[in-house]
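Engineer: Structure file input_27.pdb (PDB, C-alpha atoms, pLDDT in the B column) right here:
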ATOM      1  CA  MET A   1     -27.038   5.603   6.651  1.00 79.00           C
ATOM      2  CA  ASP A   2     -26.534   8.927   8.405  1.00 90.00           C
ATOM      3  CA  TRP A   3     -24.792  11.214   5.907  1.00 90.00           C
ATOM      4  CA  ARG A   4     -23.366  13.371   8.664  1.00 95.00           C
ATOM      5  CA  ILE A   5     -21.547  10.365  10.131  1.00 96.00           C
ATOM      6  CA  PHE A   6     -20.576   9.344   6.603  1.00 96.00           C
ATOM      7  CA  PHE A   7     -18.857  12.691   6.090  1.00 96.00           C
ATOM      8  CA  ILE A   8     -17.272  12.666   9.569  1.00 97.00           C
ATOM      9  CA  SER A   9     -15.842   9.153   9.094  1.00 97.00           C
ATOM     10  CA  LEU A  10     -14.513  10.045   5.639  1.00 97.00           C
ATOM     11  CA  MET A  11     -12.851  13.242   6.850  1.00 97.00           C
ATOM     12  CA  ALA A  12     -11.503  11.617  10.028  1.00 97.00           C
ATOM     13  CA  GLY A  13      -9.878   8.911   7.930  1.00 97.00           C
ATOM     14  CA  TYR A  14      -8.591  11.410   5.386  1.00 97.00           C
ATOM     15  CA  LEU A  15      -7.023  13.738   7.958  1.00 96.00           C
ATOM     16  CA  ALA A  16      -5.416  10.836   9.820  1.00 96.00           C
ATOM     17  CA  GLY A  17      -4.120   9.432   6.543  1.00 94.00           C
ATOM     18  CA  SER A  18      -2.722  12.837   5.599  1.00 94.00           C
ATOM     19  CA  ILE A  19      -0.223  12.657   8.463  1.00 91.00           C
ATOM     20  CA  SER A  20       3.092  11.938   6.751  1.00 85.00           C
ATOM     21  CA  PHE A  21       5.338  10.002   9.103  1.00 84.00           C
ATOM     22  CA  THR A  22       7.928   9.887   6.334  1.00 76.00           C
ATOM     23  CA  ARG A  23       8.264  13.650   6.560  1.00 77.00           C
ATOM     24  CA  LEU A  24       7.872  13.900  10.341  1.00 78.00           C
ATOM     25  CA  ILE A  25      10.463  11.232  11.098  1.00 75.00           C
ATOM     26  CA  SER A  26      12.795  12.017   8.207  1.00 66.00           C
ATOM     27  CA  ARG A  27      13.247  15.777   8.485  1.00 58.00           C
ATOM     28  CA  SER A  28      17.010  15.357   8.872  1.00 46.00           C
ATOM     29  CA  ALA A  29      17.075  13.629   5.475  1.00 47.00           C
ATOM     30  CA  LYS A  30      15.215  16.550   3.890  1.00 52.00           C
ATOM     31  CA  ILE A  31      12.350  14.336   2.786  1.00 49.00           C
ATOM     32  CA  ASP A  32       9.784  17.103   2.609  1.00 51.00           C
ATOM     33  CA  LYS A  33       7.314  18.597   0.196  1.00 45.00           C
ATOM     34  CA  GLY A  34      10.100  20.328  -1.709  1.00 51.00           C
ATOM     35  CA  ALA A  35      12.391  17.314  -2.074  1.00 57.00           C
ATOM     36  CA  PRO A  36      13.105  16.203  -5.656  1.00 56.00           C
ATOM     37  CA  PRO A  37      12.360  12.639  -6.836  1.00 58.00           C
ATOM     38  CA  LEU A  38      14.840  10.004  -5.681  1.00 62.00           C
ATOM     39  CA  GLU A  39      16.525   8.475  -8.732  1.00 63.00           C
ATOM     40  CA  VAL A  40      17.763   4.889  -8.639  1.00 62.00           C
ATOM     41  CA  PRO A  41      20.040   3.763 -11.521  1.00 58.00           C
ATOM     42  CA  VAL A  42      18.782   0.744 -13.469  1.00 60.00           C
ATOM     43  CA  GLU A  43      21.722  -1.624 -13.874  1.00 62.00           C
ATOM     44  CA  GLY A  44      22.749  -2.242 -17.478  1.00 60.00           C
ATOM     45  CA  THR A  45      21.002   0.846 -18.866  1.00 60.00           C
ATOM     46  CA  ASP A  46      21.312   4.629 -18.743  1.00 60.00           C
ATOM     47  CA  MET A  47      17.817   4.835 -17.279  1.00 63.00           C
ATOM     48  CA  THR A  48      16.838   5.663 -13.715  1.00 63.00           C
ATOM     49  CA  TYR A  49      13.856   4.621 -11.632  1.00 61.00           C
ATOM     50  CA  LYS A  50      12.354   7.756 -10.076  1.00 64.00           C
ATOM     51  CA  VAL A  51      10.765   7.362  -6.657  1.00 65.00           C
ATOM     52  CA  THR A  52       8.276  10.210  -6.567  1.00 61.00           C
ATOM     53  CA  ALA A  53       6.186   8.994  -3.630  1.00 64.00           C
ATOM     54  CA  PHE A  54       6.621  10.183  -0.049  1.00 65.00           C
ATOM     55  CA  GLY A  55       6.077   7.028   1.960  1.00 64.00           C
ATOM     56  CA  ALA A  56       7.856   4.190   3.711  1.00 63.00           C
ATOM     57  CA  THR A  57       9.436   3.123   0.413  1.00 65.00           C
ATOM     58  CA  ARG A  58      11.358   6.366   0.041  1.00 64.00           C
ATOM     59  CA  ALA A  59      12.305   6.467   3.731  1.00 65.00           C
ATOM     60  CA  SER A  60      13.561   2.889   3.507  1.00 64.00           C
ATOM     61  CA  MET A  61      15.768   3.720   0.541  1.00 63.00           C
ATOM     62  CA  GLU A  62      17.219   6.899   2.053  1.00 65.00           C
ATOM     63  CA  LEU A  63      17.355   6.034   5.748  1.00 67.00           C
ATOM     64  CA  GLY A  64      17.588   2.244   5.738  1.00 67.00           C
ATOM     65  CA  PRO A  65      15.189  -0.667   6.247  1.00 68.00           C
ATOM     66  CA  LYS A  66      14.693  -0.134   9.989  1.00 74.00           C
ATOM     67  CA  ALA A  67      13.452   3.422   9.506  1.00 72.00           C
ATOM     68  CA  GLY A  68      11.312   2.332   6.570  1.00 72.00           C
ATOM     69  CA  CYS A  69       9.765  -0.465   8.612  1.00 79.00           C
ATOM     70  CA  ALA A  70       9.017   1.885  11.523  1.00 82.00           C
ATOM     71  CA  ILE A  71       7.380   4.413   9.201  1.00 83.00           C
ATOM     72  CA  GLY A  72       5.416   1.673   7.441  1.00 83.00           C
ATOM     73  CA  MET A  73       4.039   0.471  10.786  1.00 89.00           C
ATOM     74  CA  ALA A  74       3.145   4.042  11.776  1.00 91.00           C
ATOM     75  CA  ASP A  75       1.331   4.498   8.450  1.00 92.00           C
ATOM     76  CA  MET A  76      -0.660   1.337   9.120  1.00 94.00           C
ATOM     77  CA  LEU A  77      -1.536   2.382  12.661  1.00 96.00           C
ATOM     78  CA  LYS A  78      -2.714   5.885  11.772  1.00 96.00           C
ATOM     79  CA  VAL A  79      -5.447   4.383   9.592  1.00 97.00           C
ATOM     80  CA  ALA A  80      -6.107   1.296  11.718  1.00 97.00           C
ATOM     81  CA  LEU A  81      -6.868   3.375  14.826  1.00 97.00           C
ATOM     82  CA  VAL A  82      -9.453   5.552  13.057  1.00 98.00           C
ATOM     83  CA  VAL A  83     -11.097   2.533  11.434  1.00 98.00           C
ATOM     84  CA  LEU A  84     -11.166   0.738  14.789  1.00 98.00           C
ATOM     85  CA  LEU A  85     -12.803   3.769  16.402  1.00 97.00           C
ATOM     86  CA  PHE A  86     -15.699   3.735  13.931  1.00 97.00           C
ATOM     87  CA  ARG A  87     -15.984  -0.034  14.187  1.00 97.00           C
ATOM     88  CA  LEU A  88     -16.452   0.293  17.958  1.00 97.00           C
ATOM     89  CA  LEU A  89     -18.733   3.334  17.789  1.00 96.00           C
ATOM     90  CA  TYR A  90     -20.994   1.999  15.020  1.00 96.00           C
ATOM     91  CA  PRO A  91     -20.876  -1.824  15.010  1.00 95.00           C
ATOM     92  CA  GLY A  92     -22.509  -3.389  11.992  1.00 91.00           C
ATOM     93  CA  GLN A  93     -22.458  -0.086  10.082  1.00 95.00           C
ATOM     94  CA  PRO A  94     -20.285   0.687   7.031  1.00 95.00           C
ATOM     95  CA  TYR A  95     -18.620   3.757   8.514  1.00 97.00           C
ATOM     96  CA  LEU A  96     -15.394   1.852   9.226  1.00 98.00           C
ATOM     97  CA  LEU A  97     -15.149   1.119   5.476  1.00 98.00           C
ATOM     98  CA  ILE A  98     -15.573   4.815   4.692  1.00 98.00           C
ATOM     99  CA  ALA A  99     -12.899   5.728   7.246  1.00 98.00           C
ATOM    100  CA  ALA A 100     -10.538   3.184   5.649  1.00 98.00           C
ATOM    101  CA  ILE A 101     -11.122   4.671   2.189  1.00 98.00           C
ATOM    102  CA  GLY A 102     -10.540   8.168   3.560  1.00 97.00           C
ATOM    103  CA  GLY A 103      -7.339   7.044   5.282  1.00 97.00           C
ATOM    104  CA  MET A 104      -5.917   5.575   2.098  1.00 97.00           C
ATOM    105  CA  ALA A 105      -6.890   8.672   0.076  1.00 97.00           C
ATOM    106  CA  GLY A 106      -5.285  10.932   2.683  1.00 96.00           C
ATOM    107  CA  HIS A 107      -2.081   8.909   2.661  1.00 94.00           C
ATOM    108  CA  ASN A 108      -1.861   9.061  -1.136  1.00 93.00           C
ATOM    109  CA  TRP A 109      -2.908  12.701  -1.511  1.00 95.00           C
ATOM    110  CA  PRO A 110      -2.355  14.445   1.859  1.00 93.00           C
ATOM    111  CA  ALA A 111      -3.949  17.845   2.330  1.00 90.00           C
ATOM    112  CA  PHE A 112      -1.032  18.975   4.515  1.00 86.00           C
ATOM    113  CA  TYR A 113       1.632  18.395   1.835  1.00 83.00           C
ATOM    114  CA  ARG A 114       0.235  19.683  -1.459  1.00 83.00           C
ATOM    115  CA  PHE A 115      -1.409  16.305  -2.121  1.00 86.00           C
ATOM    116  CA  LYS A 116       1.958  14.572  -2.600  1.00 83.00           C
ATOM    117  CA  GLY A 117       1.939  11.349  -0.610  1.00 84.00           C
ATOM    118  CA  GLY A 118       2.679   7.658  -0.781  1.00 84.00           C
ATOM    119  CA  ARG A 119       1.274   4.790  -2.782  1.00 86.00           C
ATOM    120  CA  GLY A 120      -1.149   3.595  -0.109  1.00 89.00           C
ATOM    121  CA  ILE A 121      -0.180  -0.026   0.534  1.00 90.00           C
ATOM    122  CA  SER A 122       0.558   0.492   4.246  1.00 90.00           C
ATOM    123  CA  ALA A 123      -2.588   2.590   4.742  1.00 94.00           C
ATOM    124  CA  TYR A 124      -4.602  -0.036   2.883  1.00 95.00           C
ATOM    125  CA  TYR A 125      -3.441  -2.920   5.061  1.00 95.00           C
ATOM    126  CA  GLY A 126      -3.828  -0.810   8.197  1.00 96.00           C
ATOM    127  CA  GLY A 127      -7.527  -0.411   7.477  1.00 97.00           C
ATOM    128  CA  LEU A 128      -8.060  -3.928   6.150  1.00 97.00           C
ATOM    129  CA  PHE A 129      -6.578  -5.644   9.199  1.00 97.00           C
ATOM    130  CA  VAL A 130      -9.309  -3.990  11.284  1.00 97.00           C
ATOM    131  CA  ILE A 131     -12.049  -4.715   8.754  1.00 97.00           C
ATOM    132  CA  ASP A 132     -11.078  -8.320   8.044  1.00 97.00           C
ATOM    133  CA  TRP A 133      -7.709  -9.499   9.378  1.00 96.00           C
ATOM    134  CA  LEU A 134      -8.118 -12.958   7.873  1.00 96.00           C
ATOM    135  CA  GLY A 135      -8.942 -11.464   4.481  1.00 95.00           C
ATOM    136  CA  ALA A 136      -5.822  -9.300   4.667  1.00 95.00           C
ATOM    137  CA  ILE A 137      -3.630 -12.372   5.170  1.00 93.00           C
ATOM    138  CA  VAL A 138      -5.415 -14.645   2.687  1.00 95.00           C
ATOM    139  CA  THR A 139      -5.544 -12.112  -0.147  1.00 95.00           C
ATOM    140  CA  MET A 140      -1.932 -11.046   0.355  1.00 90.00           C
ATOM    141  CA  LEU A 141      -0.697 -14.661   0.244  1.00 89.00           C
ATOM    142  CA  THR A 142      -2.981 -15.520  -2.697  1.00 92.00           C
ATOM    143  CA  GLY A 143      -1.706 -12.516  -4.620  1.00 90.00           C
ATOM    144  CA  LEU A 144       1.868 -13.473  -3.801  1.00 84.00           C
ATOM    145  CA  ILE A 145       1.421 -17.045  -5.036  1.00 85.00           C
ATOM    146  CA  PHE A 146      -0.476 -15.842  -8.120  1.00 89.00           C
ATOM    147  CA  GLY A 147       2.286 -13.419  -9.056  1.00 83.00           C
ATOM    148  CA  MET A 148       5.128 -15.819  -8.280  1.00 76.00           C
ATOM    149  CA  PHE A 149       3.949 -19.080  -9.790  1.00 79.00           C
ATOM    150  CA  ILE A 150       1.338 -18.147 -12.416  1.00 86.00           C
ATOM    151  CA  ILE A 151       2.323 -14.736 -13.795  1.00 82.00           C
ATOM    152  CA  LYS A 152       5.918 -15.114 -12.555  1.00 75.00           C
ATOM    153  CA  ASP A 153       6.274 -11.415 -11.895  1.00 75.00           C
ATOM    154  CA  TYR A 154       7.075 -10.095  -8.432  1.00 70.00           C
ATOM    155  CA  PHE A 155       5.628  -6.705  -9.275  1.00 74.00           C
ATOM    156  CA  VAL A 156       2.283  -8.352  -9.998  1.00 82.00           C
ATOM    157  CA  ALA A 157       2.634 -10.319  -6.770  1.00 78.00           C
ATOM    158  CA  TYR A 158       3.007  -7.039  -4.903  1.00 78.00           C
ATOM    159  CA  MET A 159      -0.228  -5.633  -6.350  1.00 85.00           C
ATOM    160  CA  ALA A 160      -2.417  -8.708  -6.745  1.00 90.00           C
ATOM    161  CA  GLY A 161      -3.434  -8.896  -3.085  1.00 91.00           C
ATOM    162  CA  LEU A 162      -5.763  -5.958  -3.681  1.00 94.00           C
ATOM    163  CA  TRP A 163      -7.263  -7.606  -6.758  1.00 94.00           C
ATOM    164  CA  PHE A 164      -8.183 -10.721  -4.813  1.00 96.00           C
ATOM    165  CA  LEU A 165      -9.878  -8.633  -2.141  1.00 96.00           C
ATOM    166  CA  ILE A 166     -12.882  -8.138  -4.448  1.00 96.00           C
ATOM    167  CA  PRO A 167     -13.798 -11.847  -4.826  1.00 96.00           C
ATOM    168  CA  TRP A 168     -12.850 -12.507  -1.182  1.00 97.00           C
ATOM    169  CA  LEU A 169     -15.297  -9.934   0.182  1.00 96.00           C
ATOM    170  CA  TRP A 170     -17.893 -10.961  -2.388  1.00 95.00           C
ATOM    171  CA  ILE A 171     -17.788 -14.530  -1.080  1.00 95.00           C
ATOM    172  CA  THR A 172     -17.265 -13.917   2.635  1.00 95.00           C
ATOM    173  CA  LYS A 173     -19.322 -10.754   3.241  1.00 92.00           C
ATOM    174  CA  ASN A 174     -21.754 -10.659   0.319  1.00 84.00           C
ATOM    175  CA  SER A 175     -22.581  -7.033   1.078  1.00 93.00           C
ATOM    176  CA  PRO A 176     -22.634  -4.185  -1.469  1.00 95.00           C
ATOM    177  CA  GLU A 177     -20.777  -1.906   0.953  1.00 96.00           C
ATOM    178  CA  HIS A 178     -17.805  -4.267   1.244  1.00 97.00           C
ATOM    179  CA  ILE A 179     -17.625  -4.846  -2.514  1.00 96.00           C
ATOM    180  CA  ILE A 180     -17.746  -1.093  -3.206  1.00 97.00           C
ATOM    181  CA  TYR A 181     -14.970  -0.632  -0.623  1.00 98.00           C
ATOM    182  CA  ALA A 182     -12.822  -3.263  -2.352  1.00 97.00           C
ATOM    183  CA  VAL A 183     -13.320  -1.661  -5.766  1.00 97.00           C
ATOM    184  CA  ILE A 184     -12.558   1.851  -4.502  1.00 97.00           C
ATOM    185  CA  VAL A 185      -9.308   0.892  -2.715  1.00 97.00           C
ATOM    186  CA  ASN A 186      -8.161  -0.828  -5.904  1.00 96.00           C
ATOM    187  CA  ILE A 187      -8.872   2.338  -7.889  1.00 97.00           C
ATOM    188  CA  LEU A 188      -7.058   4.502  -5.338  1.00 96.00           C
ATOM    189  CA  TYR A 189      -4.048   2.197  -5.407  1.00 93.00           C
ATOM    190  CA  ILE A 190      -3.845   1.995  -9.201  1.00 93.00           C
ATOM    191  CA  LEU A 191      -4.135   5.789  -9.534  1.00 94.00           C
ATOM    192  CA  ALA A 192      -1.326   6.284  -7.009  1.00 90.00           C
ATOM    193  CA  MET A 193       0.807   3.594  -8.654  1.00 87.00           C
ATOM    194  CA  LEU A 194       0.485   4.918 -12.228  1.00 87.00           C
ATOM    195  CA  PRO A 195       3.933   6.638 -12.204  1.00 82.00           C
ATOM    196  CA  ASP A 196       5.579   3.400 -11.050  1.00 77.00           C
ATOM    197  CA  ILE A 197       3.616   1.246 -13.486  1.00 76.00           C
ATOM    198  CA  ARG A 198       4.625   3.491 -16.390  1.00 80.00           C
ATOM    199  CA  GLN A 199       8.293   3.436 -15.376  1.00 74.00           C
ATOM    200  CA  TYR A 200       8.299  -0.317 -14.801  1.00 70.00           C
ATOM    201  CA  THR A 201       6.707  -0.927 -18.220  1.00 74.00           C
ATOM    202  CA  ALA A 202       9.162   1.416 -19.961  1.00 71.00           C
ATOM    203  CA  ILE A 203      12.179  -0.201 -18.310  1.00 67.00           C
ATOM    204  CA  LYS A 204      10.985  -3.701 -19.229  1.00 68.00           C
ATOM    205  CA  LYS A 205      10.913  -2.665 -22.906  1.00 69.00           C
ATOM    206  CA  VAL A 206      14.604  -1.761 -22.731  1.00 66.00           C
ATOM    207  CA  LYS A 207      15.909  -4.390 -20.353  1.00 60.00           C
ATOM    208  CA  LYS A 208      14.719  -7.587 -18.775  1.00 60.00           C
ATOM    209  CA  ILE A 209      14.472  -6.175 -15.289  1.00 57.00           C
ATOM    210  CA  ASP A 210      14.453  -8.300 -12.184  1.00 59.00           C
ATOM    211  CA  PRO A 211      11.153  -7.359 -10.491  1.00 55.00           C
ATOM    212  CA  LYS A 212      12.727  -8.224  -7.139  1.00 59.00           C
ATOM    213  CA  MET A 213      14.569  -4.912  -7.395  1.00 58.00           C
ATOM    214  CA  VAL A 214      11.235  -3.082  -7.141  1.00 57.00           C
ATOM    215  CA  LEU A 215      10.153  -5.035  -4.073  1.00 58.00           C
ATOM    216  CA  GLU A 216      13.484  -4.598  -2.328  1.00 58.00           C
ATOM    217  CA  THR A 217      12.951  -0.834  -2.233  1.00 54.00           C
ATOM    218  CA  ASN A 218      10.231  -0.998   0.421  1.00 52.00           C
ATOM    219  CA  PRO A 219       9.431  -2.775   3.707  1.00 52.00           C
ATOM    220  CA  MET A 220       6.270  -4.512   2.479  1.00 56.00           C
ATOM    221  CA  GLY A 221       8.074  -5.753  -0.607  1.00 59.00           C
ATOM    222  CA  ARG A 222      10.992  -7.126   1.405  1.00 58.00           C
ATOM    223  CA  GLY A 223       8.531  -8.916   3.648  1.00 57.00           C
ATOM    224  CA  MET A 224       6.866 -10.464   0.601  1.00 58.00           C
ATOM    225  CA  LEU A 225      10.246 -11.567  -0.743  1.00 61.00           C
ATOM    226  CA  LYS A 226      10.979 -13.332   2.547  1.00 60.00           C
ATOM    227  CA  ILE A 227       7.624 -15.100   2.352  1.00 58.00           C
ATOM    228  CA  SER A 228       8.293 -16.085  -1.266  1.00 61.00           C
ATOM    229  CA  ASP A 229      11.704 -17.494  -0.317  1.00 63.00           C
ATOM    230  CA  TRP A 230      10.049 -19.507   2.455  1.00 59.00           C
ATOM    231  CA  VAL A 231       7.437 -20.869  -0.004  1.00 57.00           C
ATOM    232  CA  ASN A 232      10.131 -21.760  -2.548  1.00 62.00           C
ATOM    233  CA  ASN A 233      12.184 -23.577   0.075  1.00 64.00           C
ATOM    234  CA  LEU A 234       9.067 -25.423   1.211  1.00 56.00           C
ATOM    235  CA  PHE A 235       8.412 -26.729  -2.309  1.00 55.00           C
ATOM    236  CA  LYS A 236      12.068 -27.664  -2.776  1.00 60.00           C
ATOM    237  CA  ARG A 237      11.981 -29.851   0.338  1.00 56.00           C
ATOM    238  CA  LYS A 238       9.007 -31.721  -1.045  1.00 51.00           C
TER     239      LYS A 238
END
For this file, produce the structure as structure tokens.
Structural biologist:
Amino acid sequence: MDWRIFFISLMAGYLAGSISFTRLISRSAKIDKGAPPLEVPVEGTDMTYKVTAFGATRASMELGPKAGCAIGMADMLKVALVVLLFRLLYPGQPYLLIAAIGGMAGHNWPAFYRFKGGRGISAYYGGLFVIDWLGAIVTMLTGLIFGMFIIKDYFVAYMAGLWFLIPWLWITKNSPEHIIYAVIVNILYILAMLPDIRQYTAIKKVKKIDPKMVLETNPMGRGMLKISDWVNNLFKRK
């Protein structure tokens, strides 16, 4: 491995990921580095769910689902394009994986905005669809089914797709680079999600919260809810 290209791919991904389309597109809504957390009342309690991230989730809640979806797609593309570039320039080399890691890190902790970014799910899937589009679909659906029917928690269903990426790449790629990539993106996602995990856990101690509420706040979550409804209807017909 050429360490110069390693560093270039990491920084290229990071700088691309640091572009905040939430802020660029949502200036009129004052979603910028100085904006306070968005507080959503939790029904039946005096608690609020604070949205501290600056990503498609926040834009979707403040500007509507269409704007959130557009920003989510832009967040996926900004990482996907850089990863695709390194895949084309260095076929068979791990630099595309490094660019994908950098893109997710930049999205979560952008250098341009005092390291206050999103949670990384759009950036993650943007890179993964270039690396392994089939794996992106299979792991997302497996995580959804695991969360819905085994754990019976939609919040778990939202996160579990990343967990299943590790065994998927272990089986299908059997390369240390891909396994390290899968582990690192899981770590980056968990670190970014810690504020939400803490809030979700605290709220569940006070009230039996419907996890669907969490998913309905963002484009990816709403998409997963639609898929889950389709799966439920499919089983009901049988």
Engineer: Rounded to one decimal place, report the CA of Arg114 in chain A-CA of Phe21 in chain A distance in Å.
Structural biologist: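 Taking CA of Arg114 in chain A as the start and CA of Phe21 in chain A as the end point, the length is 15.2 Å.
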Engineer: Residues picked by the PyMOL selection byres ((chain A and resi 161) around 6) here, as a VMD selection string?
Structural biologist: chain A and resid 139 to 140 143 159 to 160 162 to 164
Engineer: Exactly which residues make up the result of the PyMOL selection byres ((chain A and resi 70-73) around 7) on this file, given as a list in words?
Structural biologist: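 Going through the file, the PyMOL selection byres ((chain A and resi 70-73) around 7) ends up selecting Phe21, Thr22, Ala56, Lys66, Ala67, Gly68, Cys69, Ala74, Asp75, Met76, Leu77 and Ser122 of chain A.
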Engineer: Skipping near chain neighbours, those fewer than 4 positions away, what residues fall within 8 Å of Ile145 in chain A using all atoms listed in the file, listed as a PyMOL selection string?
Structural biologist: chain A and resi 141+149-150+157+228
Engineer: Mind pulling up the distance from CA of Phe6 in chain A to CA of Leu81 in chain A?
Structural biologist: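 Computed distance, CA of Leu81 in chain A to CA of Phe6 in chain A, equals 17.1 Å.
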Engineer: Measuring atom to atom with all atoms listed in the file, identify which of A:Gly118, A:Ala182, A:Tyr124, A:Leu134 is nearest to Leu194 in chain A.
Structural biologist: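 That would be A:Gly118, the residue with the smallest distance to Leu194 in chain A.
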Engineer: Nearest to Gln93 in chain A: which of A:Val183, A:Ala111, A:Ile131, A:Ala192 is it, counting all atoms listed in the file?
Structural biologist: A:Ile131
Engineer: Once the PyMOL selection byres ((chain A and resi 12) around 8) has been applied to the shown file, what residues remain in the selection, as a PyMOL selection string?
Structural biologist: chain A and resi 8-11+13-16+82+99+102-103
Engineer: The selected residues should be written to file as a CSV table (one decimal), keeping the file's coordinate frame (atoms: C-alpha atoms).
Structural biologist:
chain,number,residue,atom,x,y,z
A,8,ILE,CA,-17.3,12.7,9.6
A,9,SER,CA,-15.8,9.2,9.1
A,10,LEU,CA,-14.5,10.0,5.6
A,11,MET,CA,-12.9,13.2,6.8
A,13,GLY,CA,-9.9,8.9,7.9
A,14,TYR,CA,-8.6,11.4,5.4
A,15,LEU,CA,-7.0,13.7,8.0
A,16,ALA,CA,-5.4,10.8,9.8
A,82,VAL,CA,-9.5,5.6,13.1
A,99,ALA,CA,-12.9,5.7,7.2
A,102,GLY,CA,-10.5,8.2,3.6
A,103,GLY,CA,-7.3,7.0,5.3
Engineer: Give me the residues near Ala80 in chain A as a PyMOL selection string, where near means some atom within 8 Å (using only C-alpha atoms) and where sequence neighbours in that chain fewer than 5 positions away do not count.
Structural biologist: chain A and resi 100+123+126-130
Engineer: In Å, rounded to a single decimal, give me how far CA of Trp168 in chain A is from CA of Leu188 in chain A.
Structural biologist: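 About the pair CA of Leu188 in chain A and CA of Trp168 in chain A: they are 18.4 Å apart.
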Engineer: Write out as a ChimeraX atom specification each polymer residue whose atoms come within 9 Å of Ile166 in chain A, counting only C-alpha atoms; drop sequence neighbours fewer than 6 positions from it.
Structural biologist: /A:178-183,186
Engineer: Which one is closest to Gly92 in chain A: A:Leu191, A:Val185, A:Ile197, A:Met1? Count all atoms listed in the file.
Structural biologist: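 Among A:Leu191, A:Val185, A:Ile197, A:Met1, it is A:Met1 that comes nearest to Gly92 in chain A.
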Engineer: Can you tell me, as a VMD selection string, what residues are no more than 10 Å from Tyr90 in chain A when counting only C-alpha atoms, ignoring any on the same chain fewer than 6 positions away?
Structural biologist: chain A and resid 5 84 96
